[in-house]
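Dropping start-v9.cif in here (mmCIF, C-alpha atoms):
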data_run
loop_
_atom_site.label_atom_id
_atom_site.label_comp_id
_atom_site.auth_asym_id
_atom_site.auth_seq_id
_atom_site.Cartn_x
_atom_site.Cartn_y
_atom_site.Cartn_z
CA MET A 1 -92.16 56.91 74.46
CA LYS A 2 -93.11 57.17 70.79
CA THR A 3 -91.24 60.49 70.58
CA ILE A 4 -88.11 58.95 72.09
CA ALA A 5 -88.28 56.10 69.63
CA LEU A 6 -88.61 58.54 66.75
CA ILE A 7 -85.66 60.61 67.97
CA LEU A 8 -83.52 57.47 68.30
CA LEU A 9 -84.47 56.45 64.78
CA PHE A 10 -83.61 59.91 63.54
CA PHE A 11 -80.13 59.76 65.08
CA ALA A 12 -79.63 56.23 63.78
CA THR A 13 -80.36 57.56 60.28
CA LEU A 14 -77.93 60.41 60.81
CA ASN A 15 -75.18 57.99 61.79
CA ALA A 16 -75.75 56.03 58.61
CA HIS A 17 -75.20 59.23 56.60
CA SER A 18 -71.74 60.13 57.83
CA LEU A 19 -70.15 63.15 56.20
CA LYS A 20 -67.16 62.62 53.91
CA VAL A 21 -64.64 65.23 52.81
CA PHE A 22 -62.23 64.77 49.91
CA ALA A 23 -59.73 67.39 48.78
CA ASP A 24 -57.32 67.55 45.88
CA ILE A 25 -55.10 70.07 44.16
CA ASP A 26 -56.23 71.69 40.91
CA GLY A 27 -53.56 74.14 39.76
CA ASP A 28 -53.21 76.82 42.43
CA PHE A 29 -56.51 75.84 44.01
CA VAL A 30 -57.78 73.18 46.38
CA VAL A 31 -60.98 71.48 45.27
CA ILE A 32 -63.03 70.24 48.20
CA LYS A 33 -65.78 67.72 47.68
CA SER A 34 -68.13 66.96 50.53
CA TYR A 35 -70.83 64.32 50.51
CA PHE A 36 -72.75 62.03 52.77
CA TYR A 37 -72.07 58.28 52.69
CA GLY A 38 -73.91 57.12 49.59
CA ASN A 39 -72.82 60.08 47.42
CA SER A 40 -75.43 62.61 48.45
CA PRO A 41 -73.74 66.04 48.09
CA CYS A 42 -73.39 68.34 51.09
CA LYS A 43 -75.05 71.37 49.47
CA GLY A 44 -74.39 74.90 50.70
CA CYS A 45 -72.25 73.63 53.55
CA ARG A 46 -69.82 75.98 55.28
CA VAL A 47 -66.14 75.22 54.67
CA ASP A 48 -63.44 76.64 56.94
CA ILE A 49 -59.73 76.50 56.10
CA ILE A 50 -57.87 76.46 59.40
CA LYS A 51 -54.18 77.13 59.90
CA ASP A 52 -52.60 77.29 63.37
CA LYS A 53 -56.09 77.19 64.93
CA LYS A 54 -57.16 80.31 62.97
CA VAL A 55 -59.66 80.36 60.13
CA ILE A 56 -57.71 81.78 57.18
CA GLN A 57 -60.39 81.27 54.51
CA ASN A 58 -64.00 80.23 54.36
CA THR A 59 -66.53 79.47 51.68
CA THR A 60 -69.57 77.30 51.04
CA THR A 61 -70.08 74.28 48.81
CA ASP A 62 -72.19 74.47 45.64
CA GLU A 63 -75.12 72.26 44.55
CA ASN A 64 -72.69 69.42 43.88
CA GLY A 65 -71.06 69.69 47.29
CA VAL A 66 -67.93 71.19 45.74
CA ALA A 67 -65.94 74.22 46.90
CA ARG A 68 -62.71 75.78 45.58
CA VAL A 69 -60.26 77.79 47.60
CA LYS A 70 -56.89 79.25 46.73
CA LEU A 71 -53.93 77.29 48.01
CA LEU A 72 -52.36 79.50 50.67
CA ALA A 73 -50.41 76.99 52.76
CA ASN A 74 -48.79 73.59 52.48
CA GLU A 75 -50.60 72.15 55.48
CA PHE A 76 -53.95 73.10 56.94
CA GLU A 77 -57.21 71.69 58.16
CA ILE A 78 -60.48 71.67 56.24
CA LEU A 79 -63.61 71.77 58.36
CA VAL A 80 -66.94 71.14 56.65
CA ASP A 81 -70.11 71.81 58.59
CA GLY A 82 -73.00 69.78 57.23
CA SER A 83 -75.29 70.91 60.08
CA LEU A 84 -77.48 68.55 62.13
CA ALA A 85 -74.44 67.26 64.02
CA HIS A 86 -72.61 66.50 60.80
CA GLU A 87 -69.15 67.97 60.89
CA ARG A 88 -65.97 66.61 59.41
CA LYS A 89 -62.43 67.90 59.71
CA ILE A 90 -59.53 66.59 57.63
CA THR A 91 -55.87 67.59 57.46
CA PHE A 92 -54.64 68.50 54.01
CA THR A 93 -50.97 68.51 53.08
CA THR A 94 -49.24 69.22 49.80
CA ASP A 95 -45.67 69.86 48.72
CA LYS A 96 -46.86 72.12 45.90
CA GLU A 97 -45.10 75.48 45.77
CA ILE A 98 -47.32 78.30 46.96
CA ILE A 99 -47.58 81.00 44.30
CA GLU A 100 -47.92 84.47 45.74
CA ASN A 101 -50.59 86.70 44.35
CA LYS A 102 -48.91 88.54 41.43
CA GLU A 103 -50.87 91.76 41.95
CA ASP A 104 -49.85 91.88 45.60
CA SER A 105 -46.21 91.18 44.86
CA THR A 106 -46.14 93.88 42.12
CA LEU A 107 -47.67 96.39 44.53
CA ILE A 108 -45.10 95.52 47.18
CA TYR A 109 -42.32 95.88 44.57
CA ILE A 110 -43.55 99.35 43.54
CA LEU A 111 -43.88 100.41 47.15
CA LYS A 112 -40.33 99.25 47.85
CA ILE A 113 -38.96 101.30 44.90
CA VAL A 114 -40.95 104.39 45.89
CA GLY A 115 -39.82 103.95 49.49
CA SER A 116 -36.17 103.61 48.44
CA ILE A 117 -36.32 106.75 46.25
CA ALA A 118 -38.08 108.66 49.03
CA GLY A 119 -35.36 107.52 51.47
CA ILE A 120 -32.58 108.75 49.14
CA ILE A 121 -34.33 112.13 48.65
CA ILE A 122 -34.82 112.56 52.39
CA PHE A 123 -31.17 111.60 53.09
CA PHE A 124 -29.70 114.03 50.53
CA GLY A 125 -32.28 116.65 51.44
CA PHE A 126 -31.16 116.39 55.03
CA LEU A 127 -27.48 116.78 53.99
CA TYR A 128 -28.39 119.78 51.79
CA PHE A 129 -30.31 121.34 54.68
CA ILE A 130 -27.31 120.99 57.04
CA LYS A 131 -24.89 122.36 54.40
CA ARG A 132 -27.09 125.43 53.85
CA ARG A 133 -26.97 126.23 57.56
CA MET B 1 -53.17 -0.01 44.40
CA ASN B 2 -51.61 -0.35 40.97
CA LEU B 3 -50.33 2.49 38.82
CA LYS B 4 -53.47 2.63 36.65
CA SER B 5 -55.67 3.05 39.74
CA LEU B 6 -53.48 5.85 40.98
CA PHE B 7 -53.93 7.76 37.71
CA VAL B 8 -57.70 7.32 37.93
CA VAL B 9 -57.78 8.68 41.51
CA ALA B 10 -55.57 11.62 40.55
CA GLY B 11 -57.86 12.38 37.60
CA VAL B 12 -60.97 12.39 39.78
CA ALA B 13 -59.25 14.64 42.33
CA CYS B 14 -58.34 17.19 39.61
CA ALA B 15 -61.87 17.17 38.24
CA ALA B 16 -63.19 17.91 41.74
CA LEU B 17 -61.36 21.24 41.81
CA ALA B 18 -63.12 24.29 40.44
CA HIS B 19 -61.49 26.76 38.08
CA PHE B 20 -61.83 30.41 39.02
CA GLY B 21 -60.89 33.59 37.25
CA VAL B 22 -59.44 35.96 39.80
CA VAL B 23 -59.42 39.76 39.89
CA ILE B 24 -58.19 41.04 43.24
CA PRO B 25 -57.13 44.59 44.18
CA SER B 26 -54.62 45.47 46.86
CA ASN B 27 -57.42 47.23 48.79
CA SER B 28 -61.17 46.66 48.62
CA THR B 29 -61.89 49.96 50.36
CA ILE B 30 -59.92 53.21 50.16
CA ASP B 31 -59.84 55.55 53.14
CA ASP B 32 -56.69 57.54 52.46
CA GLN B 33 -54.31 58.37 49.63
CA GLU B 34 -51.75 55.78 50.74
CA GLN B 35 -54.26 53.05 49.83
CA ALA B 36 -55.27 54.71 46.57
CA LYS B 37 -52.53 53.25 44.37
CA GLU B 38 -54.12 49.91 43.61
CA ILE B 39 -52.31 46.87 42.30
CA ILE B 40 -54.83 44.68 40.48
CA THR B 41 -53.92 41.00 40.12
CA TYR B 42 -55.45 38.78 37.42
CA LYS B 43 -55.15 35.01 37.79
CA PHE B 44 -56.69 31.71 36.77
CA THR B 45 -56.53 29.29 39.63
CA HIS B 46 -58.05 26.76 41.99
CA PRO B 47 -58.32 29.23 44.89
CA PHE B 48 -58.66 26.90 47.85
CA GLU B 49 -56.02 24.41 46.73
CA GLY B 50 -53.74 27.22 45.55
CA MET B 51 -53.06 25.50 42.24
CA MET B 52 -52.21 28.07 39.58
CA MET B 53 -53.28 27.66 36.00
CA ASN B 54 -51.84 29.55 33.08
CA LEU B 55 -53.63 32.78 32.22
CA ASP B 56 -53.15 34.10 28.72
CA LYS B 57 -53.28 37.87 28.37
CA PRO B 58 -56.94 38.82 28.93
CA VAL B 59 -58.94 39.83 25.88
CA GLU B 60 -60.02 42.89 27.86
CA ALA B 61 -59.37 44.25 31.34
CA GLY B 62 -60.41 47.58 32.72
CA VAL B 63 -62.42 49.56 35.22
CA PHE B 64 -65.95 50.90 35.20
CA THR B 65 -66.69 53.96 37.32
CA ASN B 66 -69.21 56.82 37.25
CA GLY B 67 -70.83 55.36 34.13
CA LYS B 68 -67.58 55.28 32.17
CA LYS B 69 -65.39 52.39 31.13
CA GLU B 70 -61.61 52.60 30.93
CA ILE B 71 -59.74 49.75 29.23
CA PHE B 72 -56.26 48.99 30.56
CA SER B 73 -53.32 48.66 28.21
CA ASN B 74 -50.66 48.39 30.90
CA LEU B 75 -51.04 44.76 32.02
CA ILE B 76 -47.72 43.25 33.01
CA GLU B 77 -47.11 39.51 32.74
CA LYS B 78 -45.82 37.82 35.90
CA LYS B 79 -44.76 34.25 36.55
CA ASP B 80 -45.58 31.84 39.34
CA GLY B 81 -43.41 28.87 38.40
CA LYS B 82 -44.29 28.19 34.77
CA MET B 83 -47.73 29.77 35.03
CA SER B 84 -48.43 33.28 33.82
CA TYR B 85 -50.62 35.79 35.54
CA TYR B 86 -51.00 39.55 35.13
CA GLU B 87 -50.84 42.70 37.20
CA THR B 88 -51.58 46.34 36.63
CA SER B 89 -51.47 49.47 38.74
CA TYR B 90 -54.25 52.00 38.91
CA SER B 91 -54.30 55.22 40.91
CA ILE B 92 -57.67 56.14 42.33
CA LYS B 93 -57.79 59.92 42.24
CA GLU B 94 -61.29 60.72 43.43
CA PRO B 95 -64.24 59.31 45.38
CA GLY B 96 -66.19 56.65 43.53
CA VAL B 97 -67.12 53.00 43.22
CA TYR B 98 -64.66 51.24 40.92
CA GLN B 99 -65.59 47.95 39.24
CA PHE B 100 -62.44 46.22 37.98
CA TYR B 101 -63.06 43.44 35.48
CA MET B 102 -61.37 40.94 33.17
CA ASP B 103 -62.68 39.07 30.15
CA PRO B 104 -60.15 36.28 29.60
CA LYS B 105 -59.18 34.41 26.48
CA PRO B 106 -61.26 31.19 26.63
CA TYR B 107 -59.22 28.32 28.05
CA PHE B 108 -59.60 24.84 26.56
CA GLU B 109 -59.96 22.15 29.20
CA PRO B 110 -59.14 18.89 27.44
CA ALA B 111 -60.30 16.74 30.38
CA GLU B 112 -63.84 18.09 30.00
CA SER B 113 -63.75 18.92 26.25
CA VAL B 114 -64.97 22.38 27.01
CA PHE B 115 -63.75 25.96 26.73
CA ILE B 116 -63.86 27.99 29.94
CA ARG B 117 -64.48 31.74 29.89
CA HIS B 118 -64.76 33.25 33.35
CA ILE B 119 -65.66 36.92 33.14
CA THR B 120 -64.47 38.21 36.49
CA LYS B 121 -64.91 41.40 38.47
CA THR B 122 -64.40 42.96 41.88
CA ILE B 123 -65.72 46.18 43.34
CA VAL B 124 -63.79 48.84 45.29
CA ASP B 125 -65.22 51.78 47.22
CA ALA B 126 -63.08 54.92 47.46
CA TYR B 127 -63.58 57.48 50.22
CA GLY B 128 -67.04 56.29 51.28
CA TYR B 129 -68.68 57.13 47.94
CA ASN B 130 -70.87 54.02 48.18
CA ASP B 131 -73.01 54.66 45.13
CA GLY B 132 -73.25 52.38 42.11
CA TRP B 133 -71.99 49.05 43.50
CA ASP B 134 -75.18 47.36 42.27
CA GLU B 135 -74.91 48.65 38.70
CA PRO B 136 -74.37 46.15 35.87
CA ILE B 137 -71.34 47.02 33.76
CA GLY B 138 -72.51 45.38 30.56
CA LEU B 139 -70.59 42.09 30.69
CA LYS B 140 -72.07 39.14 28.81
CA THR B 141 -72.66 37.47 32.16
CA GLU B 142 -72.12 39.02 35.57
CA ILE B 143 -73.14 38.86 39.21
CA ILE B 144 -74.94 41.96 40.44
CA PRO B 145 -74.41 42.27 44.20
CA LEU B 146 -77.51 42.48 46.37
CA THR B 147 -75.23 42.81 49.38
CA ARG B 148 -72.82 45.74 49.39
CA PRO B 149 -69.69 43.95 48.08
CA TYR B 150 -67.08 45.60 50.35
CA GLY B 151 -66.75 46.50 54.01
CA LEU B 152 -67.90 43.00 54.92
CA TYR B 153 -67.17 41.09 58.10
CA LYS B 154 -66.43 37.39 58.21
CA GLY B 155 -69.70 35.57 58.81
CA ASN B 156 -71.69 38.03 56.68
CA ILE B 157 -74.08 36.72 54.07
CA PHE B 158 -73.35 37.71 50.49
CA SER B 159 -76.28 37.79 48.10
CA GLY B 160 -76.17 38.37 44.38
CA LYS B 161 -78.16 38.17 41.21
CA VAL B 162 -76.77 36.35 38.18
CA LEU B 163 -77.35 37.92 34.79
CA TYR B 164 -76.68 36.23 31.46
CA LYS B 165 -77.08 38.54 28.47
CA GLY B 166 -78.80 41.02 30.78
CA LYS B 167 -81.49 38.62 32.01
CA PRO B 168 -81.73 36.77 35.34
CA ALA B 169 -80.16 33.31 35.14
CA LYS B 170 -82.43 30.98 37.10
CA ASN B 171 -81.41 27.55 38.45
CA THR B 172 -77.77 28.36 37.86
CA ILE B 173 -75.07 26.69 39.93
CA VAL B 174 -72.89 29.17 41.80
CA GLU B 175 -69.58 27.72 42.94
CA ILE B 176 -67.90 29.40 45.88
CA GLU B 177 -64.30 29.10 47.00
CA TYR B 178 -62.12 30.74 49.60
CA LEU B 179 -58.78 32.13 48.46
CA ASN B 180 -56.74 29.99 50.78
CA THR B 181 -53.55 31.88 51.54
CA LYS B 182 -53.27 30.33 55.01
CA GLY B 183 -52.70 26.71 54.07
CA LEU B 184 -56.03 25.58 55.50
CA LYS B 185 -57.03 21.95 54.94
CA ALA B 186 -60.58 20.97 54.01
CA PRO B 187 -62.11 18.00 55.88
CA GLY B 188 -62.89 16.38 52.52
CA ASP B 189 -63.21 17.11 48.80
CA ASP B 190 -66.84 18.16 49.14
CA TYR B 191 -65.81 21.02 51.41
CA ILE B 192 -63.41 22.67 48.96
CA THR B 193 -65.95 24.13 46.58
CA GLN B 194 -69.25 25.23 48.08
CA GLU B 195 -72.33 25.33 45.87
CA VAL B 196 -75.62 27.15 45.87
CA LYS B 197 -78.23 27.52 43.14
CA THR B 198 -80.00 30.63 41.97
CA ASN B 199 -83.76 30.90 42.41
CA GLU B 200 -86.30 31.87 39.75
CA LEU B 201 -85.05 35.47 39.88
CA GLY B 202 -81.42 34.47 39.46
CA GLU B 203 -80.63 35.27 43.09
CA PHE B 204 -78.43 33.40 45.56
CA SER B 205 -76.98 33.85 49.06
CA PHE B 206 -74.02 32.44 50.94
CA ALA B 207 -72.55 33.07 54.43
CA MET B 208 -68.77 33.48 54.43
CA PRO B 209 -67.24 31.84 57.52
CA LEU B 210 -63.66 33.14 57.18
CA ALA B 211 -61.92 36.48 56.80
CA GLY B 212 -60.28 36.90 53.40
CA TRP B 213 -61.27 36.84 49.73
CA TRP B 214 -64.24 34.80 48.49
CA GLY B 215 -64.93 33.97 44.85
CA PHE B 216 -68.44 33.37 43.52
CA SER B 217 -68.65 31.75 40.09
CA ALA B 218 -72.04 31.38 38.38
CA LEU B 219 -71.71 28.88 35.56
CA ASN B 220 -73.77 28.56 32.39
CA GLU B 221 -73.29 27.15 28.92
CA ASP B 222 -72.72 29.97 26.48
CA ASP B 223 -74.87 30.28 23.38
CA LYS B 224 -71.75 30.34 21.21
CA LYS B 225 -69.41 27.43 20.63
CA ILE B 226 -65.73 27.66 19.79
CA LYS B 227 -64.06 25.74 16.97
CA LYS B 228 -60.82 23.90 17.62
CA ASP B 229 -59.09 21.51 15.23
CA GLY B 230 -62.19 21.40 13.04
CA LYS B 231 -64.50 20.50 15.91
CA GLU B 232 -66.94 22.72 17.81
CA TYR B 233 -66.77 22.72 21.60
CA PRO B 234 -69.21 24.15 24.15
CA VAL B 235 -68.16 27.12 26.27
CA GLU B 236 -68.62 27.20 30.03
CA ILE B 237 -69.23 30.89 30.64
CA GLY B 238 -68.77 32.03 34.22
CA ALA B 239 -69.82 35.22 35.96
CA VAL B 240 -67.30 35.59 38.76
CA ILE B 241 -67.16 38.15 41.53
CA TRP B 242 -64.62 38.44 44.33
CA VAL B 243 -65.47 40.00 47.69
CA GLU B 244 -63.37 40.50 50.79
CA THR B 245 -64.36 39.92 54.40
CA LYS B 246 -62.41 41.13 57.41
CA ASP B 247 -62.40 40.41 61.10
CA TYR B 248 -62.82 43.00 63.85
CA GLU B 249 -59.45 44.52 64.76
#
Show me this structure written as structure tokens.
Amino acid sequence: MKTIALILLFFATLNAHSLKVFADIDGDFVVIKSYFYGNSPCKGCRVDIIKDKKVIQNTTTDENGVARVKLLANEFEILVDGSLAHERKITFTTDKEIIENKEDSTLIYILKIVGSIAGIIIFFGFLYFIKRR
Amino acid sequence: MNLKSLFVVAGVACAALAHFGVVIPSNSTIDDQEQAKEIITYKFTHPFEGMMMNLDKPVEAGVFTNGKKEIFSNLIEKKDGKMSYYETSYSIKEPGVYQFYMDPKPYFEPAESVFIRHITKTIVDAYGYNDGWDEPIGLKTEIIPLTRPYGLYKGNIFSGKVLYKGKPAKNTIVEIEYLNTKGLKAPGDDYITQEVKTNELGEFSFAMPLAGWWGFSALNEDDKKIKKDGKEYPVEIGAVIWVETKDYE
């Protein structure tokens, strides 16, 4: 009976410390702050960024309950797992323009040019090959 | 009843009403970004009777949060009939407990030959931060909540501690009025302003029977007088706090 009472008390305490999640834009990043009611940070808590029911990014919060992720979509869900039955999911929306990764876009640009040149060489090479026959 | 008697009765009725500084935000708790753009209203009024008094531009108005004070410079004068009051907007950008306050220009009440200075505050919680609502913000006199001053239901008891120059103000009268926006009628004059006294530790409690905004005004005589027309007058210094109660939905 004493054990049951202790467990009930434990859960009552948990309820009083509900998990909060707050997110805001900082440049091209989303800053996620997670804390328990009463401003106790959710330290080292797993953070999942979910888009179309798929986890597209994940990270963990620091000592202050803060995590930063790159903004990859205009609408997604943020799920913070504070363990011990503490889990909070919020929907985050922003109309901020998504900036593509410059390195990636440069690589794609180079690949496109190389591909185009290769296509031209193959085309004229094929014509030359037919003419020689 | 002759005309003279009527004037006497009217004078007594006016004296029965309590003056209150008012600082009220559009939301006492913030759960989402739509609620986060606060409109703060500053008034000087008899809250239950709804009688406005003129409020000169406050000497100082601002917000105290996370140990920092921000003074507002964007107060806008509004009119209710001939009476002035002020408003400002403030966007809450992150979780925190925000203490909005006003230190008004002392008002001279000729009927009582006294200046009235009601230093008024209200406390807002944003995104369940819930830390720091019991911190003094360094006002000359202020009420420190002993009950969390937001997220209250009607019928809850509100307890506070009155400080004057940082020390507990014992045996201080605390006047309490309901901001009557519903046109309620009191059964008699004694019901309009409720009163409690602080104990030896400067503490008081009061149960709030209605949903809405409640003002608590702890009154003391200031240690400084104000000169007017070559004569010194005492100053009634008030520590005022406004809290909101709600009903179950």
Restrict the distance test to all atoms listed in the file, flag each residue of chain A within 6 Å of chain B, and return the flagged residues as a PDB file with C-alpha atoms, keeping the file's coordinate frame.
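This is the output file iface.pdb:
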ATOM      1  CA  TYR A  37     -72.070  58.280  52.690  1.00  0.00           C
ATOM      2  CA  GLY A  38     -73.910  57.120  49.590  1.00  0.00           C
ATOM      3  CA  ASN A  39     -72.820  60.080  47.420  1.00  0.00           C
TER       4      ASN A  39
END
Exercise. Could you expand the PyMOL selection byres ((chain B and resi 224) around 10) into the explicit residues it covers here, written as a VMD selection string?
Key: chain B and resid 221 to 223 225 to 227 232 to 237
Residue neighbourhood range 166-178 of chain B, 8 Å, only C-alpha atoms, exclusion window fewer than 5 positions, as a tab-separated table (two decimals) with C-alpha atoms, in the frame of the given file:
chain	number	residue	atom	x	y	z
B	18	ALA	CA	-63.12	24.29	40.44
B	47	PRO	CA	-58.32	29.23	44.89
B	48	PHE	CA	-58.66	26.90	47.85
B	138	GLY	CA	-72.51	45.38	30.56
B	140	LYS	CA	-72.07	39.14	28.81
B	141	THR	CA	-72.66	37.47	32.16
B	161	LYS	CA	-78.16	38.17	41.21
B	192	ILE	CA	-63.41	22.67	48.96
B	193	THR	CA	-65.95	24.13	46.58
B	194	GLN	CA	-69.25	25.23	48.08
B	195	GLU	CA	-72.33	25.33	45.87
B	196	VAL	CA	-75.62	27.15	45.87
B	197	LYS	CA	-78.23	27.52	43.14
B	198	THR	CA	-80.00	30.63	41.97
B	199	ASN	CA	-83.76	30.90	42.41
B	200	GLU	CA	-86.30	31.87	39.75
B	201	LEU	CA	-85.05	35.47	39.88
B	202	GLY	CA	-81.42	34.47	39.46
B	203	GLU	CA	-80.63	35.27	43.09
B	204	PHE	CA	-78.43	33.40	45.56
B	212	GLY	CA	-60.28	36.90	53.40
B	213	TRP	CA	-61.27	36.84	49.73
B	214	TRP	CA	-64.24	34.80	48.49
B	215	GLY	CA	-64.93	33.97	44.85
B	216	PHE	CA	-68.44	33.37	43.52
B	217	SER	CA	-68.65	31.75	40.09
B	218	ALA	CA	-72.04	31.38	38.38
B	219	LEU	CA	-71.71	28.88	35.56
B	220	ASN	CA	-73.77	28.56	32.39
Please measure the separation of CA of Thr60 in chain A and CA of Ala126 in chain B, giving the value in Å to one decimal.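 We find that CA of Thr60 in chain A and CA of Ala126 in chain B lie 23.6 Å from each other.
Atom pair CA of Ile241 in chain B / CA of Ile116 in chain B: separated by 15.8 Å.
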Note to self: Within 10 Å of (-66.0, 66.5, 52.2) in the file's own coordinates, which protein, DNA or RNA residues have an atom, counting only C-alpha atoms? List them as number ranges by chain.
What the structure shows: A: 19-23, 31-36, 41-42, 45, 47, 61, 65-67, 78-82, 87-90; B: 127
Picked residues, the PyMOL selection byres ((chain B and resi 75-87) around 12), as a PDB file with C-alpha atoms, in the frame of the given file:
ATOM      1  CA  GLY B  21     -60.890  33.590  37.250  1.00  0.00           C
ATOM      2  CA  VAL B  22     -59.440  35.960  39.800  1.00  0.00           C
ATOM      3  CA  VAL B  23     -59.420  39.760  39.890  1.00  0.00           C
ATOM      4  CA  ILE B  24     -58.190  41.040  43.240  1.00  0.00           C
ATOM      5  CA  PRO B  25     -57.130  44.590  44.180  1.00  0.00           C
ATOM      6  CA  SER B  26     -54.620  45.470  46.860  1.00  0.00           C
ATOM      7  CA  GLU B  38     -54.120  49.910  43.610  1.00  0.00           C
ATOM      8  CA  ILE B  39     -52.310  46.870  42.300  1.00  0.00           C
ATOM      9  CA  ILE B  40     -54.830  44.680  40.480  1.00  0.00           C
ATOM     10  CA  THR B  41     -53.920  41.000  40.120  1.00  0.00           C
ATOM     11  CA  TYR B  42     -55.450  38.780  37.420  1.00  0.00           C
ATOM     12  CA  LYS B  43     -55.150  35.010  37.790  1.00  0.00           C
ATOM     13  CA  PHE B  44     -56.690  31.710  36.770  1.00  0.00           C
ATOM     14  CA  THR B  45     -56.530  29.290  39.630  1.00  0.00           C
ATOM     15  CA  GLY B  50     -53.740  27.220  45.550  1.00  0.00           C
ATOM     16  CA  MET B  51     -53.060  25.500  42.240  1.00  0.00           C
ATOM     17  CA  MET B  52     -52.210  28.070  39.580  1.00  0.00           C
ATOM     18  CA  MET B  53     -53.280  27.660  36.000  1.00  0.00           C
ATOM     19  CA  ASN B  54     -51.840  29.550  33.080  1.00  0.00           C
ATOM     20  CA  LEU B  55     -53.630  32.780  32.220  1.00  0.00           C
ATOM     21  CA  ASP B  56     -53.150  34.100  28.720  1.00  0.00           C
ATOM     22  CA  LYS B  57     -53.280  37.870  28.370  1.00  0.00           C
ATOM     23  CA  PRO B  58     -56.940  38.820  28.930  1.00  0.00           C
ATOM     24  CA  VAL B  59     -58.940  39.830  25.880  1.00  0.00           C
ATOM     25  CA  GLU B  60     -60.020  42.890  27.860  1.00  0.00           C
ATOM     26  CA  ALA B  61     -59.370  44.250  31.340  1.00  0.00           C
ATOM     27  CA  GLY B  62     -60.410  47.580  32.720  1.00  0.00           C
ATOM     28  CA  ILE B  71     -59.740  49.750  29.230  1.00  0.00           C
ATOM     29  CA  PHE B  72     -56.260  48.990  30.560  1.00  0.00           C
ATOM     30  CA  SER B  73     -53.320  48.660  28.210  1.00  0.00           C
ATOM     31  CA  ASN B  74     -50.660  48.390  30.900  1.00  0.00           C
ATOM     32  CA  THR B  88     -51.580  46.340  36.630  1.00  0.00           C
ATOM     33  CA  SER B  89     -51.470  49.470  38.740  1.00  0.00           C
ATOM     34  CA  TYR B  90     -54.250  52.000  38.910  1.00  0.00           C
ATOM     35  CA  MET B 102     -61.370  40.940  33.170  1.00  0.00           C
ATOM     36  CA  PRO B 104     -60.150  36.280  29.600  1.00  0.00           C
TER      37      PRO B 104
END
Any idea what the distance is between CA of Phe108 in chain B and CA of Gly230 in chain B?
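About the pair CA of Phe108 in chain B and CA of Gly230 in chain B: they are 14.2 Å apart.
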Shortest contact to Gly183 in chain B, candidates B:Leu210, B:Lys121, B:Tyr164, B:Glu49, atoms counted all atoms listed in the file, goes to B:Glu49
> Using all atoms listed in the file, which of the listed residues (A:Ser18, A:Gly119, A:Glu77, A:Ile110) sits closest to Asp48 in chain A?
Replying inline: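 Distance minimum relative to Asp48 in chain A lands on A:Glu77.
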Starting from the PyMOL selection byres ((chain B and resi 100) around 7), expand the selection into actual residues of this file and give them as number ranges by chain.
B: 62-64, 98-99, 101, 121-123
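If you measure from each of A:Asp62, A:Ser40, A:Gln57, A:Ile98 to Asp28 in chain A using only C-alpha atoms, the closest one turns out to be A:Ile98.
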With distances taken over all atoms listed in the file, which residue among B:Phe206, B:Trp133, B:Phe20, B:Phe158 lies nearest Thr65 in chain B?
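Of all the options, B:Trp133 lies closest to Thr65 in chain B.
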